[in-house]
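A.B. asks: As input, take structure-v3.txt (compact mmCIF, C-alpha atoms):
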```
# COMPACT_ATOMS: atom_id res chain seq x y z
CA MET A 1 115.98 39.65 119.21
CA ILE A 2 118.73 37.74 117.38
CA GLN A 3 119.07 38.27 113.64
CA LEU A 4 119.04 34.96 111.74
CA ASN A 5 118.96 36.13 108.12
CA ARG A 6 118.65 39.22 105.89
CA GLN A 7 117.48 39.26 102.28
CA ARG A 8 117.22 42.33 100.02
CA VAL A 9 113.76 42.26 98.43
CA TYR A 10 113.60 45.69 96.71
CA GLU A 11 116.16 48.26 95.58
CA GLY A 12 115.05 51.81 94.83
CA LYS A 13 116.68 55.21 94.37
CA LEU A 14 115.91 56.66 97.82
CA PHE A 15 115.54 53.45 99.86
CA ASN A 16 115.79 49.65 99.73
CA VAL A 17 113.64 47.00 101.43
CA THR A 18 115.18 44.03 103.27
CA HIS A 19 113.37 41.03 104.74
CA VAL A 20 114.89 40.18 108.14
CA THR A 21 114.34 36.90 109.98
CA LEU A 22 114.70 37.25 113.75
CA GLU A 23 114.61 34.89 116.70
CA ASN A 24 112.54 36.18 119.62
CA SER A 25 113.13 35.51 123.33
CA GLU A 26 111.08 32.28 123.11
CA GLY A 27 113.29 30.93 120.31
CA LYS A 28 110.59 31.48 117.67
CA ALA A 29 111.49 32.80 114.18
CA VAL A 30 109.76 36.10 113.30
CA GLY A 31 109.86 37.80 109.86
CA ARG A 32 110.00 41.58 109.38
CA ASP A 33 110.40 43.82 106.33
CA VAL A 34 112.56 46.88 106.99
CA ILE A 35 112.97 49.93 104.76
CA GLU A 36 116.64 50.93 104.61
CA HIS A 37 117.33 54.66 104.25
CA PRO A 38 120.64 56.59 104.64
CA GLY A 39 119.21 58.94 107.31
CA ALA A 40 118.57 62.68 107.21
CA ALA A 41 119.68 65.95 108.76
CA CYS A 42 116.96 68.47 109.62
CA VAL A 43 117.48 72.10 110.62
CA ILE A 44 115.37 74.70 112.41
CA PRO A 45 116.71 77.94 110.84
CA MET A 46 116.26 80.89 113.21
CA VAL A 47 116.59 84.21 111.40
CA ASP A 48 116.19 85.94 114.78
CA LYS A 49 114.95 84.96 118.27
CA GLU A 50 111.33 85.19 117.15
CA THR A 51 111.40 83.82 113.64
CA VAL A 52 111.90 80.43 111.97
CA LEU A 53 112.12 79.76 108.23
CA LEU A 54 109.98 76.93 106.92
CA VAL A 55 110.01 75.50 103.41
CA GLU A 56 107.00 74.23 101.49
CA GLN A 57 107.39 71.37 99.07
CA TRP A 58 105.22 68.72 97.44
CA ARG A 59 105.53 65.34 99.19
CA VAL A 60 104.64 62.05 97.57
CA GLY A 61 103.78 60.50 100.97
CA ALA A 62 101.19 63.21 101.68
CA LYS A 63 100.06 63.70 98.05
CA ARG A 64 100.26 67.45 98.75
CA ALA A 65 102.69 70.22 99.69
CA LEU A 66 103.73 70.42 103.35
CA TRP A 67 105.41 73.18 105.36
CA GLU A 68 108.54 71.72 106.96
CA ILE A 69 111.87 72.58 108.48
CA PRO A 70 114.64 72.22 105.84
CA ALA A 71 116.00 68.67 105.65
CA GLY A 72 117.87 66.37 103.36
CA THR A 73 119.28 62.88 103.01
CA LEU A 74 122.82 62.14 104.20
CA ASP A 75 125.32 61.50 101.40
CA PRO A 76 127.28 58.21 101.83
CA GLY A 77 129.60 58.61 104.82
CA GLU A 78 128.47 62.20 105.43
CA ASP A 79 128.44 63.56 108.96
CA PRO A 80 124.93 64.78 110.01
CA LEU A 81 126.30 68.23 110.99
CA THR A 82 127.90 68.69 107.54
CA CYS A 83 124.68 67.56 105.88
CA ALA A 84 122.61 69.97 108.01
CA ALA A 85 124.82 72.93 106.97
CA ARG A 86 124.72 71.87 103.31
CA GLU A 87 120.96 71.29 103.15
CA LEU A 88 120.20 74.54 104.96
CA GLU A 89 122.19 76.53 102.39
CA GLU A 90 120.93 74.53 99.39
CA GLU A 91 117.26 74.87 100.35
CA THR A 92 117.12 78.36 101.89
CA GLY A 93 120.25 80.16 100.70
CA TYR A 94 121.34 80.79 104.32
CA LYS A 95 124.62 79.76 105.96
CA ALA A 96 124.52 78.91 109.68
CA GLY A 97 127.00 80.68 111.97
CA LYS A 98 126.08 78.16 114.68
CA LEU A 99 124.52 74.70 114.37
CA GLU A 100 123.49 72.89 117.55
CA HIS A 101 122.35 69.25 117.62
CA LEU A 102 119.07 68.96 119.55
CA PHE A 103 118.14 65.29 119.23
CA THR A 104 118.06 62.27 116.93
CA MET A 105 114.93 60.24 116.28
CA TYR A 106 113.52 57.28 114.37
CA PRO A 107 110.43 58.58 112.53
CA SER A 108 108.76 55.15 112.08
CA PRO A 109 110.96 52.52 113.78
CA GLY A 110 108.54 49.60 113.28
CA ILE A 111 109.20 49.60 109.50
CA LEU A 112 111.91 52.18 108.67
CA ASP A 113 115.57 52.40 109.78
CA GLU A 114 115.86 56.12 108.89
CA LYS A 115 117.44 58.28 111.61
CA MET A 116 116.64 61.98 111.60
CA HIS A 117 119.24 64.26 113.23
CA ILE A 118 117.62 67.53 114.33
CA PHE A 119 119.63 70.76 114.61
CA VAL A 120 118.90 74.41 115.35
CA ALA A 121 120.74 76.98 113.22
CA THR A 122 121.44 80.51 114.45
CA ASP A 123 123.64 83.45 113.34
CA LEU A 124 122.41 83.06 109.76
CA THR A 125 124.03 84.91 106.87
CA LYS A 126 122.99 85.03 103.21
CA GLY A 127 124.57 82.36 101.00
CA VAL A 128 123.37 80.92 97.69
CA GLN A 129 120.28 78.71 97.24
CA LYS A 130 121.09 75.63 95.11
CA LEU A 131 118.04 73.44 94.58
CA ASP A 132 118.24 69.94 93.11
CA ASP A 133 116.74 69.61 89.61
CA ASP A 134 113.52 68.08 90.90
CA GLU A 135 113.11 70.32 93.99
CA GLU A 136 110.50 73.08 93.96
CA ILE A 137 110.57 74.92 97.25
CA VAL A 138 108.79 77.97 98.72
CA ILE A 139 110.41 79.64 101.77
CA LYS A 140 108.55 81.69 104.38
CA PRO A 141 109.38 83.13 107.82
CA PHE A 142 107.05 82.21 110.72
CA THR A 143 107.12 83.84 114.17
CA PHE A 144 106.79 81.58 117.20
CA ARG A 145 103.35 83.09 117.79
CA ASP A 146 102.38 81.96 114.24
CA LEU A 147 103.94 78.55 114.76
CA ARG A 148 101.95 77.91 117.95
CA VAL A 149 98.73 78.77 116.09
CA GLN A 150 99.67 76.57 113.11
CA LEU A 151 100.68 73.65 115.35
CA LYS A 152 97.51 73.92 117.45
CA ALA A 153 95.35 73.96 114.29
CA ASN A 154 97.32 70.94 112.95
CA ASN A 155 98.11 72.92 109.80
CA LEU A 156 101.69 71.66 110.25
CA LYS A 157 101.53 67.92 109.52
CA ASP A 158 105.18 66.95 109.07
CA GLY A 159 106.37 64.80 111.98
CA LYS A 160 109.97 66.08 112.21
CA THR A 161 108.71 69.68 112.12
CA ILE A 162 106.18 69.06 114.93
CA ALA A 163 108.81 67.22 117.01
CA ALA A 164 111.54 69.83 116.40
CA LEU A 165 109.37 72.89 117.11
CA GLY A 166 107.80 71.29 120.21
CA TYR A 167 111.28 70.41 121.51
CA LEU A 168 112.52 73.96 120.93
CA MET A 169 109.48 75.46 122.68
CA VAL A 170 109.96 73.16 125.70
CA PHE A 171 113.77 73.25 126.05
CA LYS A 172 114.96 76.45 124.34
CA PRO A 173 112.19 78.93 125.10
CA TYR A 174 114.73 81.80 125.10
CA LEU A 175 115.11 81.20 121.35
CA GLY A 176 111.39 81.59 120.83
CA LYS A 177 110.44 84.84 122.58
CA ASP A 178 107.78 86.87 120.85
CA MET B 1 102.38 67.73 90.82
CA ILE B 2 100.14 65.71 88.47
CA GLN B 3 100.21 61.93 88.79
CA LEU B 4 100.89 60.24 85.44
CA ASN B 5 101.28 56.60 86.48
CA ARG B 6 101.50 54.26 89.49
CA GLN B 7 103.08 50.81 89.53
CA ARG B 8 103.25 48.42 92.53
CA VAL B 9 106.88 47.27 92.82
CA TYR B 10 106.84 45.40 96.16
CA GLU B 11 104.15 43.81 98.33
CA GLY B 12 104.91 43.01 101.97
CA LYS B 13 102.95 42.14 105.11
CA LEU B 14 103.10 45.58 106.79
CA PHE B 15 103.58 47.83 103.73
CA ASN B 16 103.79 47.90 99.94
CA VAL B 17 106.03 49.99 97.65
CA THR B 18 104.65 51.80 94.58
CA HIS B 19 106.61 53.66 91.90
CA VAL B 20 104.80 56.87 91.01
CA THR B 21 105.50 58.95 87.91
CA LEU B 22 104.62 62.63 88.36
CA GLU B 23 104.62 65.72 86.15
CA ASN B 24 106.15 68.77 87.80
CA SER B 25 105.18 72.41 87.22
CA GLU B 26 107.60 72.62 84.27
CA GLY B 27 105.94 69.65 82.55
CA LYS B 28 108.88 67.34 83.32
CA ALA B 29 108.28 63.70 84.37
CA VAL B 30 109.69 62.86 87.81
CA GLY B 31 109.80 59.34 89.36
CA ARG B 32 109.27 58.62 93.07
CA ASP B 33 108.99 55.42 95.13
CA VAL B 34 106.40 55.65 97.90
CA ILE B 35 105.91 53.20 100.76
CA GLU B 36 102.20 52.54 101.30
CA HIS B 37 101.12 51.90 104.89
CA PRO B 38 97.57 51.76 106.40
CA GLY B 39 98.36 54.45 109.01
CA ALA B 40 98.55 54.23 112.79
CA ALA B 41 96.86 55.44 115.96
CA CYS B 42 99.12 56.48 118.85
CA VAL B 43 98.03 57.22 122.43
CA ILE B 44 99.57 59.11 125.35
CA PRO B 45 98.06 57.20 128.31
CA MET B 46 97.85 59.43 131.39
CA VAL B 47 97.35 57.42 134.57
CA ASP B 48 97.12 60.70 136.48
CA LYS B 49 97.99 64.38 135.83
CA GLU B 50 101.69 63.69 136.49
CA THR B 51 102.21 60.28 134.96
CA VAL B 52 102.36 58.77 131.47
CA LEU B 53 102.69 55.06 130.61
CA LEU B 54 105.31 54.19 128.02
CA VAL B 55 105.90 50.79 126.45
CA GLU B 56 109.27 49.33 125.50
CA GLN B 57 109.53 47.03 122.51
CA TRP B 58 112.20 45.83 120.10
CA ARG B 59 112.08 47.70 116.78
CA VAL B 60 113.56 46.40 113.56
CA GLY B 61 114.17 49.97 112.28
CA ALA B 62 116.29 50.83 115.32
CA LYS B 63 117.81 47.35 115.81
CA ARG B 64 117.07 47.80 119.53
CA ALA B 65 114.24 48.28 121.99
CA LEU B 66 112.71 51.77 122.22
CA TRP B 67 110.45 53.42 124.83
CA GLU B 68 107.35 54.69 123.04
CA ILE B 69 103.77 55.74 123.52
CA PRO B 70 101.44 52.81 122.71
CA ALA B 71 100.55 52.66 119.01
CA GLY B 72 99.28 50.29 116.39
CA THR B 73 98.35 49.97 112.75
CA LEU B 74 94.80 50.75 111.61
CA ASP B 75 92.77 47.73 110.52
CA PRO B 76 91.20 48.11 107.04
CA GLY B 77 88.49 50.77 107.25
CA GLU B 78 89.09 51.30 110.98
CA ASP B 79 88.51 54.74 112.49
CA PRO B 80 91.68 56.11 114.20
CA LEU B 81 89.79 56.73 117.48
CA THR B 82 88.58 53.10 117.60
CA CYS B 83 92.10 51.90 116.82
CA ALA B 84 93.57 54.12 119.55
CA ALA B 85 91.19 52.67 122.17
CA ARG B 86 91.87 49.11 120.99
CA GLU B 87 95.67 49.44 120.88
CA LEU B 88 95.78 51.13 124.28
CA GLU B 89 93.92 48.24 125.88
CA GLU B 90 95.80 45.53 123.94
CA GLU B 91 99.24 46.91 124.78
CA THR B 92 98.75 48.25 128.32
CA GLY B 93 95.60 46.59 129.65
CA TYR B 94 94.00 50.01 130.29
CA LYS B 95 90.68 51.31 128.93
CA ALA B 96 90.41 55.05 128.25
CA GLY B 97 87.46 56.91 129.78
CA LYS B 98 88.32 59.86 127.52
CA LEU B 99 90.33 59.93 124.26
CA GLU B 100 91.16 63.31 122.74
CA HIS B 101 92.70 63.71 119.27
CA LEU B 102 95.72 66.04 119.48
CA PHE B 103 97.12 66.04 115.94
CA THR B 104 97.86 63.95 112.86
CA MET B 105 101.27 63.79 111.22
CA TYR B 106 103.25 62.24 108.39
CA PRO B 107 106.39 60.71 110.00
CA SER B 108 108.49 60.67 106.79
CA PRO B 109 106.43 62.23 103.97
CA GLY B 110 109.23 62.19 101.37
CA ILE B 111 109.06 58.38 101.13
CA LEU B 112 106.19 57.07 103.31
CA ASP B 113 102.42 57.71 103.11
CA GLU B 114 101.79 56.59 106.72
CA LYS B 115 99.63 58.98 108.76
CA MET B 116 99.97 58.84 112.54
CA HIS B 117 96.94 60.02 114.53
CA ILE B 118 97.99 61.13 118.02
CA PHE B 119 95.57 60.98 120.99
CA VAL B 120 95.76 61.60 124.71
CA ALA B 121 93.91 59.13 126.95
CA THR B 122 92.63 60.06 130.42
CA ASP B 123 90.25 58.54 133.02
CA LEU B 124 91.97 55.16 132.63
CA THR B 125 90.52 51.99 134.15
CA LYS B 126 91.99 48.49 134.26
CA GLY B 127 91.05 46.23 131.33
CA VAL B 128 92.84 43.18 129.91
CA GLN B 129 96.21 43.24 128.09
CA LYS B 130 96.04 41.22 124.84
CA LEU B 131 99.37 41.18 123.02
CA ASP B 132 99.80 39.91 119.46
CA ASP B 133 101.76 36.63 119.18
CA ASP B 134 104.96 38.40 118.13
CA GLU B 135 104.70 41.37 120.54
CA GLU B 136 106.93 41.49 123.62
CA ILE B 137 106.22 44.64 125.57
CA VAL B 138 107.41 46.14 128.87
CA ILE B 139 105.20 48.87 130.45
CA LYS B 140 106.47 51.58 132.81
CA PRO B 141 105.04 54.80 134.27
CA PHE B 142 107.08 58.01 133.80
CA THR B 143 106.37 61.32 135.53
CA PHE B 144 106.58 64.49 133.45
CA ARG B 145 109.71 65.40 135.41
CA ASP B 146 111.26 62.08 134.27
CA LEU B 147 110.07 62.59 130.70
CA ARG B 148 111.69 66.02 130.46
CA VAL B 149 114.99 64.53 131.64
CA GLN B 150 114.71 61.58 129.22
CA LEU B 151 113.79 63.84 126.28
CA LYS B 152 116.62 66.29 127.03
CA ALA B 153 119.14 63.43 127.24
CA ASN B 154 117.72 62.04 123.94
CA ASN B 155 117.11 58.70 125.66
CA LEU B 156 113.69 58.78 123.99
CA LYS B 157 114.38 58.28 120.28
CA ASP B 158 110.97 57.46 118.82
CA GLY B 159 109.68 60.31 116.65
CA LYS B 160 105.96 60.03 117.47
CA THR B 161 106.78 59.90 121.20
CA ILE B 162 108.99 63.02 121.03
CA ALA B 163 106.36 64.88 118.95
CA ALA B 164 103.43 63.79 121.15
CA LEU B 165 105.10 64.58 124.49
CA GLY B 166 106.45 67.94 123.24
CA TYR B 167 102.97 68.85 121.98
CA LEU B 168 101.40 67.92 125.32
CA MET B 169 103.99 69.94 127.25
CA VAL B 170 103.40 73.01 125.03
CA PHE B 171 99.61 72.89 124.65
CA LYS B 172 98.26 70.88 127.60
CA PRO B 173 100.60 71.82 130.45
CA TYR B 174 97.74 71.36 132.98
CA LEU B 175 97.91 67.62 132.18
CA GLY B 176 101.60 67.53 133.00
CA LYS B 177 101.95 69.22 136.40
CA ASP B 178 104.53 67.68 138.70
```
Could you rewrite the structure in this file as structure tokens?

C.D. replies:
Amino acid sequence: MIQLNRQRVYEGKLFNVTHVTLENSEGKAVGRDVIEHPGAACVIPMVDKETVLLVEQWRVGAKRALWEIPAGTLDPGEDPLTCAARELEEETGYKAGKLEHLFTMYPSPGILDEKMHIFVATDLTKGVQKLDDDEEIVIKPFTFRDLRVQLKANNLKDGKTIAALGYLMVFKPYLGKD
Amino acid sequence: MIQLNRQRVYEGKLFNVTHVTLENSEGKAVGRDVIEHPGAACVIPMVDKETVLLVEQWRVGAKRALWEIPAGTLDPGEDPLTCAARELEEETGYKAGKLEHLFTMYPSPGILDEKMHIFVATDLTKGVQKLDDDEEIVIKPFTFRDLRVQLKANNLKDGKTIAALGYLMVFKPYLGKD
């Protein structure tokens, strides 16, 4: 696809919307709206080899609270690794001794340009929780045995959390022994 | 959170944007933009116990083509199972003998109300591919051995595809023997 034109059609606090005109392989013009978002860093915090911390917070997209791995939006120009370390400490009060990048994904690439960078954090030590003014977060440890039950029952409904935990169970099973 | 007010701020073809005013637990008013989307059905098509079909299509959110499980937007009032069967046949030309719901997820619940309903399709038989006018899709079979390599290398970057394949590998390993 060749991009012919871009026009900003909405500006918001967390994202903007741009109308893009594209030329497809047959030379035909095709219009698409795309939501522009700075991207996010997401962290699986492992307090030990059996236990992950999840955070619960109210989400406007779900109209309810969801249990999720800690995550936050990249500041302008911020490196995803730096953001992951910052968000982990802000949301949970833990500092990561080790942060490993697992994968990067587009959560809804047909309409949204957000990239989510997924990390696993180990060697955690206590730091200081610093929530944003409008954040209200509950933190709870889950064992891998719990997480399998919660995933199977679809009680976990956040996409990045399902993708991240599934990935860890498939590729890093030594982190999830219980 | 209690909803105080909703105001439509953008209307597009695939999604709208609404500004929501909420009251948090401290009685403070908080504003949020939410992208409103009809939701989607997504299908892992298994041609046999070792092989999954993926489709490649250009995505405006990624500014490139991505390999993904087949998926499509729910028509108004459409049941996710019906949509899954329809999208599978439209995109791949295969009819599912059996469609099993695996899980439902919010891909980006902080900004987007889209729900993705994930299914696995088995007992496939040849039907007729019917692409939308602006869809250009390549179809390719991948063995589970391939998929593990592609996931590990992060060559697969679509969130629903990573979540769905990870889930299948964790909970339905008998479907993915190779």

A.B. asks: Please identify all residues of chain B having at least one atom at most 6 Å from any atom of chain A, considering all atoms listed in the file, and return them as a list in words.

C.D. replies: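 That gives the following set of residues: Arg59, Val60, Gly61, Ala62, Phe103, Met105, Tyr106, Pro107, Pro109, Gly110, Ile111, Leu112, Asp113, Asn154, Lys157, Asp158, Gly159, Ile162, Ala163, Gly166 and Tyr167 of chain B.
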
A.B. asks: Which residues are near Gly93 in chain A? Cut-off 7 Å, all atoms listed in the file, ignore same chain within fewer than 3 positions. Put them as a PyMOL selection string.

C.D. replies: chain A and resi 89-90+126-129

A.B. asks: Determine, counting all atoms listed in the file, which protein, DNA and RNA residues have an atom within 7 Å of an atom of Val138 in chain A; residues of the same chain fewer than 2 positions away are not included. Present the result as an mmCIF file with C-alpha atoms, in the coordinates of the input.

C.D. replies:
```cif
data_model
loop_
_atom_site.group_PDB
_atom_site.id
_atom_site.type_symbol
_atom_site.label_atom_id
_atom_site.label_comp_id
_atom_site.auth_asym_id
_atom_site.auth_seq_id
_atom_site.Cartn_x
_atom_site.Cartn_y
_atom_site.Cartn_z
ATOM 1 C CA VAL A 55 110.010 75.500 103.410
ATOM 2 C CA GLU A 56 107.000 74.230 101.490
ATOM 3 C CA GLN A 57 107.390 71.370 99.070
ATOM 4 C CA LYS A 140 108.550 81.690 104.380
#
```

A.B. asks: What does the structure give for the distance between CA of Trp67 in chain B and CA of Met46 in chain B, in Å to one decimal?

C.D. replies: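 Interatomic distance, CA of Trp67 in chain B to CA of Met46 in chain B: 15.4 Å.
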
A.B. asks: Might you pull out every residue within 12 Å of Arg86 in chain B, with all atoms listed in the file counted and same-chain residues fewer than 3 positions away left off, and present them as a ChimeraX atom specification?

C.D. replies: /B:40-43,70-75,78-83,89-96,99,121,127-131

A.B. asks: How about saving the chosen residues, C-alpha atoms kept, as a PDB file, in the frame of the given file?

C.D. replies:
```
ATOM      1  CA  ALA B  40      98.550  54.230 112.790  1.00  0.00           C
ATOM      2  CA  ALA B  41      96.860  55.440 115.960  1.00  0.00           C
ATOM      3  CA  CYS B  42      99.120  56.480 118.850  1.00  0.00           C
ATOM      4  CA  VAL B  43      98.030  57.220 122.430  1.00  0.00           C
ATOM      5  CA  PRO B  70     101.440  52.810 122.710  1.00  0.00           C
ATOM      6  CA  ALA B  71     100.550  52.660 119.010  1.00  0.00           C
ATOM      7  CA  GLY B  72      99.280  50.290 116.390  1.00  0.00           C
ATOM      8  CA  THR B  73      98.350  49.970 112.750  1.00  0.00           C
ATOM      9  CA  LEU B  74      94.800  50.750 111.610  1.00  0.00           C
ATOM     10  CA  ASP B  75      92.770  47.730 110.520  1.00  0.00           C
ATOM     11  CA  GLU B  78      89.090  51.300 110.980  1.00  0.00           C
ATOM     12  CA  ASP B  79      88.510  54.740 112.490  1.00  0.00           C
ATOM     13  CA  PRO B  80      91.680  56.110 114.200  1.00  0.00           C
ATOM     14  CA  LEU B  81      89.790  56.730 117.480  1.00  0.00           C
ATOM     15  CA  THR B  82      88.580  53.100 117.600  1.00  0.00           C
ATOM     16  CA  CYS B  83      92.100  51.900 116.820  1.00  0.00           C
ATOM     17  CA  GLU B  89      93.920  48.240 125.880  1.00  0.00           C
ATOM     18  CA  GLU B  90      95.800  45.530 123.940  1.00  0.00           C
ATOM     19  CA  GLU B  91      99.240  46.910 124.780  1.00  0.00           C
ATOM     20  CA  THR B  92      98.750  48.250 128.320  1.00  0.00           C
ATOM     21  CA  GLY B  93      95.600  46.590 129.650  1.00  0.00           C
ATOM     22  CA  TYR B  94      94.000  50.010 130.290  1.00  0.00           C
ATOM     23  CA  LYS B  95      90.680  51.310 128.930  1.00  0.00           C
ATOM     24  CA  ALA B  96      90.410  55.050 128.250  1.00  0.00           C
ATOM     25  CA  LEU B  99      90.330  59.930 124.260  1.00  0.00           C
ATOM     26  CA  ALA B 121      93.910  59.130 126.950  1.00  0.00           C
ATOM     27  CA  GLY B 127      91.050  46.230 131.330  1.00  0.00           C
ATOM     28  CA  VAL B 128      92.840  43.180 129.910  1.00  0.00           C
ATOM     29  CA  GLN B 129      96.210  43.240 128.090  1.00  0.00           C
ATOM     30  CA  LYS B 130      96.040  41.220 124.840  1.00  0.00           C
ATOM     31  CA  LEU B 131      99.370  41.180 123.020  1.00  0.00           C
TER      32      LEU B 131
END
```

A.B. asks: Distance CA of Leu53 in chain B-CA of Ile118 in chain B, one decimal place?

C.D. replies: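 Computing the Euclidean distance for CA of Leu53 in chain B and CA of Ile118 in chain B yields 14.7 Å.
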
A.B. asks: Restricting the calculation to only C-alpha atoms: of B:Ala84, B:Ile69, B:Leu4, B:Val120, which residue gets closest to Leu175 in chain B?

C.D. replies: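 Ranking B:Ala84, B:Ile69, B:Leu4, B:Val120 by distance to Leu175 in chain B, first place goes to B:Val120.
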
A.B. asks: Which of these residues is nearest to Pro38 in chain B, using all atoms listed in the file: B:Pro173, B:Pro76, B:Leu124, B:His101?

C.D. replies: B:Pro76

A.B. asks: Quick one: distance from CA of Thr51 in chain B to CA of Pro141 in chain B in Å, one decimal?

C.D. replies: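 Going from CA of Thr51 in chain B over to CA of Pro141 in chain B covers 6.2 Å.
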